[in-house]
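**Q** My structure is in start.txt, and what it holds is compact mmCIF, C-alpha atoms and all ligand atoms:
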# COMPACT_ATOMS: atom_id res chain seq x y z
CA MET A 209 19.36 -80.60 33.84
CA ASP A 210 20.62 -80.88 30.25
CA SER A 211 17.76 -82.80 28.75
CA LEU A 212 14.23 -83.57 29.77
CA PHE A 213 14.12 -86.45 27.35
CA GLU A 214 16.42 -89.00 28.91
CA SER A 215 13.45 -91.11 29.91
CA LEU A 216 11.83 -90.71 26.52
CA GLU A 217 14.69 -91.73 24.23
CA GLY A 218 14.08 -94.45 21.70
CA GLY A 219 11.14 -95.20 19.49
CA GLU A 220 8.94 -92.17 20.13
CA ASN A 221 8.29 -89.73 17.33
CA ARG A 222 8.88 -86.01 17.47
CA GLU A 223 5.23 -85.12 17.96
CA GLU A 224 5.02 -87.40 20.98
CA ARG A 225 8.23 -86.02 22.45
CA LEU A 226 7.07 -82.45 21.99
CA ALA A 227 3.59 -83.19 23.35
CA GLU A 228 5.14 -84.67 26.50
CA LEU A 229 7.42 -81.68 26.84
CA ALA A 230 4.52 -79.26 26.33
CA ARG A 231 2.65 -81.10 29.07
CA GLN A 232 5.61 -80.61 31.43
CA VAL A 233 5.79 -76.91 30.51
CA SER A 234 2.05 -76.44 31.14
CA VAL A 235 2.52 -77.28 34.82
CA CYS A 236 6.06 -75.90 35.23
CA THR A 237 6.88 -73.77 38.25
CA ARG A 238 10.66 -73.60 37.77
CA CYS A 239 10.61 -69.79 37.82
CA ASP A 240 8.35 -66.98 39.05
CA LEU A 241 6.90 -66.38 35.59
CA ALA A 242 4.55 -69.23 36.44
CA LEU A 243 2.80 -67.00 38.98
CA ASN A 244 1.07 -64.61 36.59
CA ARG A 245 0.69 -66.59 33.39
CA THR A 246 -2.66 -67.31 31.78
CA ASN A 247 -1.26 -69.88 29.35
CA THR A 248 2.16 -71.31 28.70
CA VAL A 249 3.32 -70.81 25.12
CA PHE A 250 5.29 -73.83 24.04
CA GLY A 251 5.84 -73.78 20.30
CA THR A 252 4.13 -74.43 16.98
CA GLY A 253 4.91 -75.50 13.45
CA ASP A 254 6.52 -78.43 11.71
CA PRO A 255 8.60 -80.62 14.06
CA TYR A 256 10.33 -82.06 10.96
CA SER A 257 11.37 -78.68 9.54
CA PRO A 258 15.10 -78.08 9.13
CA LEU A 259 14.50 -74.51 10.35
CA MET A 260 13.72 -73.44 13.92
CA LEU A 261 12.90 -69.86 14.86
CA VAL A 262 13.51 -68.78 18.44
CA GLY A 263 11.99 -65.57 19.77
CA GLU A 264 12.16 -63.96 23.19
CA GLY A 265 8.99 -64.88 25.06
CA PRO A 266 5.22 -64.55 25.10
CA GLY A 267 3.64 -61.11 25.37
CA GLU A 268 0.10 -60.21 26.37
CA ASN A 269 -1.54 -61.64 23.23
CA GLU A 270 0.49 -64.82 23.32
CA ASP A 271 -0.26 -65.31 27.02
CA ALA A 272 -3.97 -64.92 26.28
CA THR A 273 -3.99 -67.38 23.37
CA GLY A 274 -1.20 -69.83 24.23
CA LEU A 275 0.28 -69.29 20.74
CA PRO A 276 3.62 -67.73 19.80
CA PHE A 277 3.85 -64.54 17.75
CA VAL A 278 0.28 -63.28 17.55
CA GLY A 279 -0.63 -59.60 17.19
CA ARG A 280 1.37 -57.04 15.19
CA ALA A 281 4.77 -58.64 15.67
CA GLY A 282 3.29 -61.96 14.59
CA LYS A 283 1.81 -60.38 11.46
CA LEU A 284 5.19 -58.89 10.60
CA LEU A 285 6.84 -62.27 11.16
CA ASP A 286 4.33 -63.80 8.73
CA ASP A 287 5.20 -61.08 6.18
CA ILE A 288 8.92 -61.69 6.67
CA LEU A 289 8.45 -65.43 6.11
CA ALA A 290 6.17 -64.79 3.13
CA ALA A 291 8.91 -62.68 1.52
CA VAL A 292 10.85 -65.92 1.07
CA ASP A 293 7.77 -68.00 0.30
CA LEU A 294 7.55 -69.59 3.75
CA THR A 295 4.70 -69.81 6.23
CA ARG A 296 4.93 -70.49 9.94
CA GLN A 297 3.73 -74.03 9.18
CA ASP A 298 6.99 -74.60 7.27
CA VAL A 299 9.17 -73.87 10.31
CA TYR A 300 9.21 -74.72 14.01
CA LEU A 301 8.60 -71.62 16.11
CA THR A 302 9.30 -71.18 19.81
CA ASN A 303 10.72 -68.79 22.41
CA THR A 304 13.46 -68.69 25.03
CA VAL A 305 10.86 -68.58 27.84
CA LYS A 306 7.45 -70.20 27.72
CA CYS A 307 5.62 -67.85 30.11
CA ARG A 308 4.93 -64.13 29.84
CA ALA A 309 7.28 -61.75 31.65
CA ALA A 310 5.29 -58.73 32.83
CA VAL A 311 5.45 -55.93 35.34
CA GLU A 312 2.59 -53.96 36.90
CA GLU A 313 2.51 -50.34 35.73
CA GLY A 314 -0.36 -47.93 36.26
CA GLY A 315 -2.70 -50.69 37.39
CA ARG A 316 -2.10 -53.03 34.46
CA MET A 317 0.45 -55.65 33.52
CA LYS A 318 2.97 -54.57 30.88
CA ASN A 319 5.33 -56.85 28.99
CA ARG A 320 8.95 -56.74 30.11
CA PRO A 321 12.02 -58.63 28.87
CA PRO A 322 12.61 -61.95 30.65
CA ARG A 323 15.45 -61.86 33.21
CA ALA A 324 18.61 -63.92 32.82
CA GLY A 325 17.56 -66.26 35.65
CA GLU A 326 14.17 -66.86 34.02
CA ILE A 327 15.78 -67.64 30.67
CA ARG A 328 18.21 -69.97 32.43
CA ALA A 329 15.40 -71.77 34.25
CA CYS A 330 13.52 -72.30 30.99
CA ASN A 331 16.51 -73.20 28.84
CA PRO A 332 16.25 -76.98 29.38
CA TYR A 333 12.90 -76.89 27.60
CA LEU A 334 14.38 -75.03 24.64
CA GLN A 335 17.33 -77.41 24.54
CA SER A 336 14.95 -80.37 24.60
CA GLN A 337 12.89 -78.86 21.78
CA MET A 338 16.10 -78.61 19.77
CA GLU A 339 16.90 -82.24 20.55
CA ALA A 340 13.43 -83.30 19.44
CA VAL A 341 13.18 -81.20 16.27
CA LYS A 342 16.86 -81.56 15.31
CA PRO A 343 16.92 -78.38 13.22
CA GLU A 344 19.78 -77.83 10.80
CA ILE A 345 19.30 -74.08 10.97
CA ILE A 346 18.22 -71.80 13.82
CA LEU A 347 17.20 -68.19 13.30
CA CYS A 348 17.19 -66.25 16.57
CA LEU A 349 14.79 -63.33 16.65
CA GLY A 350 16.34 -60.61 18.79
CA GLY A 351 19.21 -60.29 21.22
CA PRO A 352 17.89 -62.39 24.14
CA ALA A 353 17.36 -65.41 21.88
CA ALA A 354 20.81 -64.94 20.32
CA LYS A 355 22.45 -64.63 23.76
CA THR A 356 20.69 -67.84 24.82
CA VAL A 357 21.32 -69.93 21.71
CA ILE A 358 24.51 -68.53 20.17
CA ASP A 359 26.68 -66.65 22.65
CA LYS A 360 26.01 -64.92 25.95
CA ASP A 361 28.00 -61.90 24.71
CA PHE A 362 26.08 -61.63 21.42
CA LYS A 363 25.42 -58.03 20.32
CA ILE A 364 22.44 -57.97 17.99
CA THR A 365 23.34 -54.77 16.11
CA LYS A 366 26.93 -55.89 15.48
CA ASP A 367 26.60 -59.66 15.19
CA ARG A 368 23.27 -60.19 13.39
CA GLY A 369 23.31 -61.56 9.86
CA LYS A 370 26.40 -63.72 10.45
CA TRP A 371 26.50 -67.51 10.62
CA TYR A 372 27.58 -69.27 13.79
CA GLU A 373 27.82 -72.96 14.58
CA VAL A 374 26.05 -74.26 17.68
CA ASN A 375 26.46 -77.99 18.33
CA GLY A 376 26.53 -78.71 14.61
CA ILE A 377 23.57 -76.41 13.87
CA LYS A 378 23.96 -73.32 11.67
CA ALA A 379 22.64 -70.37 13.64
CA MET A 380 22.01 -66.74 12.75
CA ALA A 381 20.25 -63.90 14.53
CA THR A 382 18.23 -61.05 13.15
CA PHE A 383 16.15 -58.27 14.71
CA HIS A 384 12.98 -59.23 16.55
CA PRO A 385 9.82 -58.16 14.65
CA ALA A 386 8.68 -56.17 17.71
CA TYR A 387 11.97 -54.21 17.59
CA VAL A 388 11.43 -53.49 13.89
CA LEU A 389 7.93 -52.21 14.65
CA ARG A 390 9.31 -49.78 17.24
CA GLN A 391 11.59 -48.08 14.67
CA ARG A 392 10.62 -44.95 12.73
CA GLY A 393 11.72 -43.29 9.49
CA ASP A 394 15.17 -44.25 8.22
CA ASP A 395 15.74 -46.57 11.19
CA LEU A 396 12.63 -48.52 10.24
CA GLN A 397 13.75 -48.89 6.63
CA SER A 398 17.22 -49.94 7.65
CA ALA A 399 15.93 -52.51 10.20
CA LYS A 400 13.56 -53.96 7.59
CA ARG A 401 16.33 -54.17 5.00
CA ALA A 402 18.58 -55.97 7.49
CA VAL A 403 15.88 -58.52 8.39
CA TRP A 404 15.02 -59.15 4.74
CA LYS A 405 18.68 -59.76 3.92
CA ASP A 406 19.11 -62.12 6.88
CA VAL A 407 15.97 -64.08 6.08
CA GLN A 408 17.06 -64.51 2.48
CA ALA A 409 20.38 -65.98 3.65
CA VAL A 410 18.49 -68.31 5.98
CA TYR A 411 16.15 -69.36 3.17
CA THR A 412 19.10 -70.31 0.97
CA GLU A 413 20.32 -72.64 3.72
CA TYR A 414 16.78 -73.94 4.26
CA GLN A 415 16.49 -74.88 0.59
CA ARG A 416 19.91 -76.55 0.68
CA ALA A 417 18.83 -78.57 3.74
CA LEU A 418 15.62 -79.66 2.00
CA GLU A 419 17.53 -80.71 -1.11
CA GLU A 420 19.92 -82.77 0.98
CA GLN A 421 16.97 -84.50 2.66
CA ARG A 422 15.59 -85.61 -0.74
S1 LIG A 501 9.13 -69.52 31.99
FE1 LIG A 501 9.79 -71.63 31.66
S2 LIG A 501 10.86 -72.19 33.54
FE2 LIG A 501 9.61 -70.38 34.03
S3 LIG A 501 7.67 -71.25 34.79
FE3 LIG A 501 7.41 -70.88 32.58
S4 LIG A 501 7.91 -72.86 31.63
FE4 LIG A 501 8.73 -72.91 33.72
Here is the file; what I need is its structure written in the form of structure tokens.
Ligand code: SF4
**A**
Amino acid sequence: MDSLFESLEGGENREERLAELARQVSVCTRCDLALNRTNTVFGTGDPYSPLMLVGEGPGENEDATGLPFVGRAGKLLDDILAAVDLTRQDVYLTNTVKCRAAVEEGGRMKNRPPRAGEIRACNPYLQSQMEAVKPEIILCLGGPAAKTVIDKDFKITKDRGKWYEVNGIKAMATFHPAYVLRQRGDDLQSAKRAVWKDVQAVYTEYQRALEEQR
């Protein structure tokens, strides 16, 4: 399944396309992540933005609220965007999987990374979001998003901060905010510096894209 929009082509605006897709996601059972979810987390932001951000997947807070990037990682993402004068309303924000991946540990559910098969099952939704939003730039947040969008062999520590071309879209990956938050001391400073540098490069392209739209 390459696109979920074949039957929706022609005439419909991006909001309508995304709303229909979100409706499909809300009842999706294509993988086992459907079994334990509270809410699906589809995506938010400006469907006309030239910039799409793709994270990994919902965690506990996102599952509870149905919104991407809430909690500490979400706050850091807001700070990262604010450093280049952007808000999450200026971009379109989504994840590789739309349901929380979790494992039971000590009597409670803990977040875990989504498995390759789960990302694969959910990928048609991400691809369809890209078709609807038509971003000129994609910033992948973390290795799983970069492996999904850019290259299955992507290595986040080696390959982040470089531009790639994906079906005519300029794509870059940087560290996931949750990864940055897990660092300490010098590692924390160096991860922050790397993300700041990457986001500035992305912002330059974002401004260029806006100017070309005018
Ligand atoms: S993660 Fe994606 S494919 Fe799996 S159930 Fe949720 S919406 Fe469907």
**Q** Kindly work out which residues sit at most 6 Å from ligand LIG 501 (chain A), using only C-alpha atoms and all ligand atoms, and give the list as a list in words.
**A**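 What falls inside 6 Å of ligand LIG 501 (chain A) is Val233, Cys236, Thr237, Arg238, Cys239, Leu241, Ala242, Val305, Lys306, Cys307, Glu326, Ala329 and Cys330 of chain A.
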**Q** For Gly251 in chain A, which of A:Met380, A:Leu334, A:Met317, A:Leu284 is the closest residue, counting all atoms listed in the file?
**A** A:Leu334
**Q** With distances taken over all atoms listed in the file, which of A:Arg422, A:Arg328, A:Arg316, A:Lys400 is nearest to Lys355 in chain A?
**A** A:Arg328
**Q** Using all atoms listed in the file, determine which residues lie at most 12 Å from Thr295 in chain A, disregarding the query and same-chain residues fewer than 2 positions distant; provide the list as a ChimeraX atom specification.
**A** /A:252-254,257,259,261,282-293,297-301,411
**Q** Once you have the residues from the selection above, write them out as a PDB file, in the frame of the given file, restricted to C-alpha atoms.
**A**
ATOM      1  CA  THR A 252       4.130 -74.430  16.980  1.00  0.00           C
ATOM      2  CA  GLY A 253       4.910 -75.500  13.450  1.00  0.00           C
ATOM      3  CA  ASP A 254       6.520 -78.430  11.710  1.00  0.00           C
ATOM      4  CA  SER A 257      11.370 -78.680   9.540  1.00  0.00           C
ATOM      5  CA  LEU A 259      14.500 -74.510  10.350  1.00  0.00           C
ATOM      6  CA  LEU A 261      12.900 -69.860  14.860  1.00  0.00           C
ATOM      7  CA  GLY A 282       3.290 -61.960  14.590  1.00  0.00           C
ATOM      8  CA  LYS A 283       1.810 -60.380  11.460  1.00  0.00           C
ATOM      9  CA  LEU A 284       5.190 -58.890  10.600  1.00  0.00           C
ATOM     10  CA  LEU A 285       6.840 -62.270  11.160  1.00  0.00           C
ATOM     11  CA  ASP A 286       4.330 -63.800   8.730  1.00  0.00           C
ATOM     12  CA  ASP A 287       5.200 -61.080   6.180  1.00  0.00           C
ATOM     13  CA  ILE A 288       8.920 -61.690   6.670  1.00  0.00           C
ATOM     14  CA  LEU A 289       8.450 -65.430   6.110  1.00  0.00           C
ATOM     15  CA  ALA A 290       6.170 -64.790   3.130  1.00  0.00           C
ATOM     16  CA  ALA A 291       8.910 -62.680   1.520  1.00  0.00           C
ATOM     17  CA  VAL A 292      10.850 -65.920   1.070  1.00  0.00           C
ATOM     18  CA  ASP A 293       7.770 -68.000   0.300  1.00  0.00           C
ATOM     19  CA  GLN A 297       3.730 -74.030   9.180  1.00  0.00           C
ATOM     20  CA  ASP A 298       6.990 -74.600   7.270  1.00  0.00           C
ATOM     21  CA  VAL A 299       9.170 -73.870  10.310  1.00  0.00           C
ATOM     22  CA  TYR A 300       9.210 -74.720  14.010  1.00  0.00           C
ATOM     23  CA  LEU A 301       8.600 -71.620  16.110  1.00  0.00           C
ATOM     24  CA  TYR A 411      16.150 -69.360   3.170  1.00  0.00           C
TER      25      TYR A 411
END
**Q** Considering all atoms listed in the file, can you say which of A:Arg225, A:Arg416, A:Arg392, A:Lys366 comes closest to Ala354 in chain A?
**A** A:Lys366
**Q** Could you list as a ChimeraX atom specification every residue that has an atom within 6 Å of (16.5, -70.2, 14.7), using the file's coordinates and counting only C-alpha atoms?
**A** /A:260-262,346-348
**Q** Distance CA of Thr304 in chain A-CA of Asn331 in chain A, one decimal place?
**A**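 Pair CA of Thr304 in chain A / CA of Asn331 in chain A returns 6.6 Å.
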**Q** So, counting all atoms listed in the file, which residue among A:Val357, A:Leu349, A:Ile364, A:Ala281 is closest to His384 in chain A?
**A**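 Comparing A:Val357, A:Leu349, A:Ile364, A:Ala281 against His384 in chain A, the winner is A:Leu349.
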**Q** Kindly give the distance, in Å, that separates CA of Arg308 in chain A and CA of Val249 in chain A, rounded to a single decimal.
**A**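 Pair CA of Arg308 in chain A / CA of Val249 in chain A returns 8.3 Å.
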**Q** Go through A:Val388, A:Ala409, A:Ala399, A:Leu243 and flag the residue nearest Ile345 in chain A, using all atoms listed in the file for the distances.
**A**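 Nearest candidate to Ile345 in chain A out of A:Val388, A:Ala409, A:Ala399, A:Leu243: A:Ala409.
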**Q** Rounded to one decimal, what separation in Å do you get between CA of Leu418 in chain A and CA of Gly376 in chain A?
**A**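 Going from CA of Leu418 in chain A over to CA of Gly376 in chain A, I get 16.7 Å.
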**Q** Which is closest to Thr302 in chain A among A:Pro258, A:Gly263, A:Gly351, A:Pro343, if we use all atoms listed in the file?
**A**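 Closest candidate: A:Gly263.
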**Q** Hey, what's within 9 Å of Ala309 in chain A if we count only C-alpha atoms and toss same-chain stuff fewer than 6 positions away? As a ChimeraX atom specification, please?
**A** /A:241,244-245,265-267,318-323,326
**Q** Suppose we keep C-alpha atoms; can you now write the selection as a short mmCIF file (atom, residue, chain, number, x, y, z; two decimals), keeping the file's coordinate frame?
**A**
data_model
loop_
_atom_site.label_atom_id
_atom_site.label_comp_id
_atom_site.auth_asym_id
_atom_site.auth_seq_id
_atom_site.Cartn_x
_atom_site.Cartn_y
_atom_site.Cartn_z
CA LEU A 241 6.90 -66.38 35.59
CA ASN A 244 1.07 -64.61 36.59
CA ARG A 245 0.69 -66.59 33.39
CA GLY A 265 8.99 -64.88 25.06
CA PRO A 266 5.22 -64.55 25.10
CA GLY A 267 3.64 -61.11 25.37
CA LYS A 318 2.97 -54.57 30.88
CA ASN A 319 5.33 -56.85 28.99
CA ARG A 320 8.95 -56.74 30.11
CA PRO A 321 12.02 -58.63 28.87
CA PRO A 322 12.61 -61.95 30.65
CA ARG A 323 15.45 -61.86 33.21
CA GLU A 326 14.17 -66.86 34.02
#
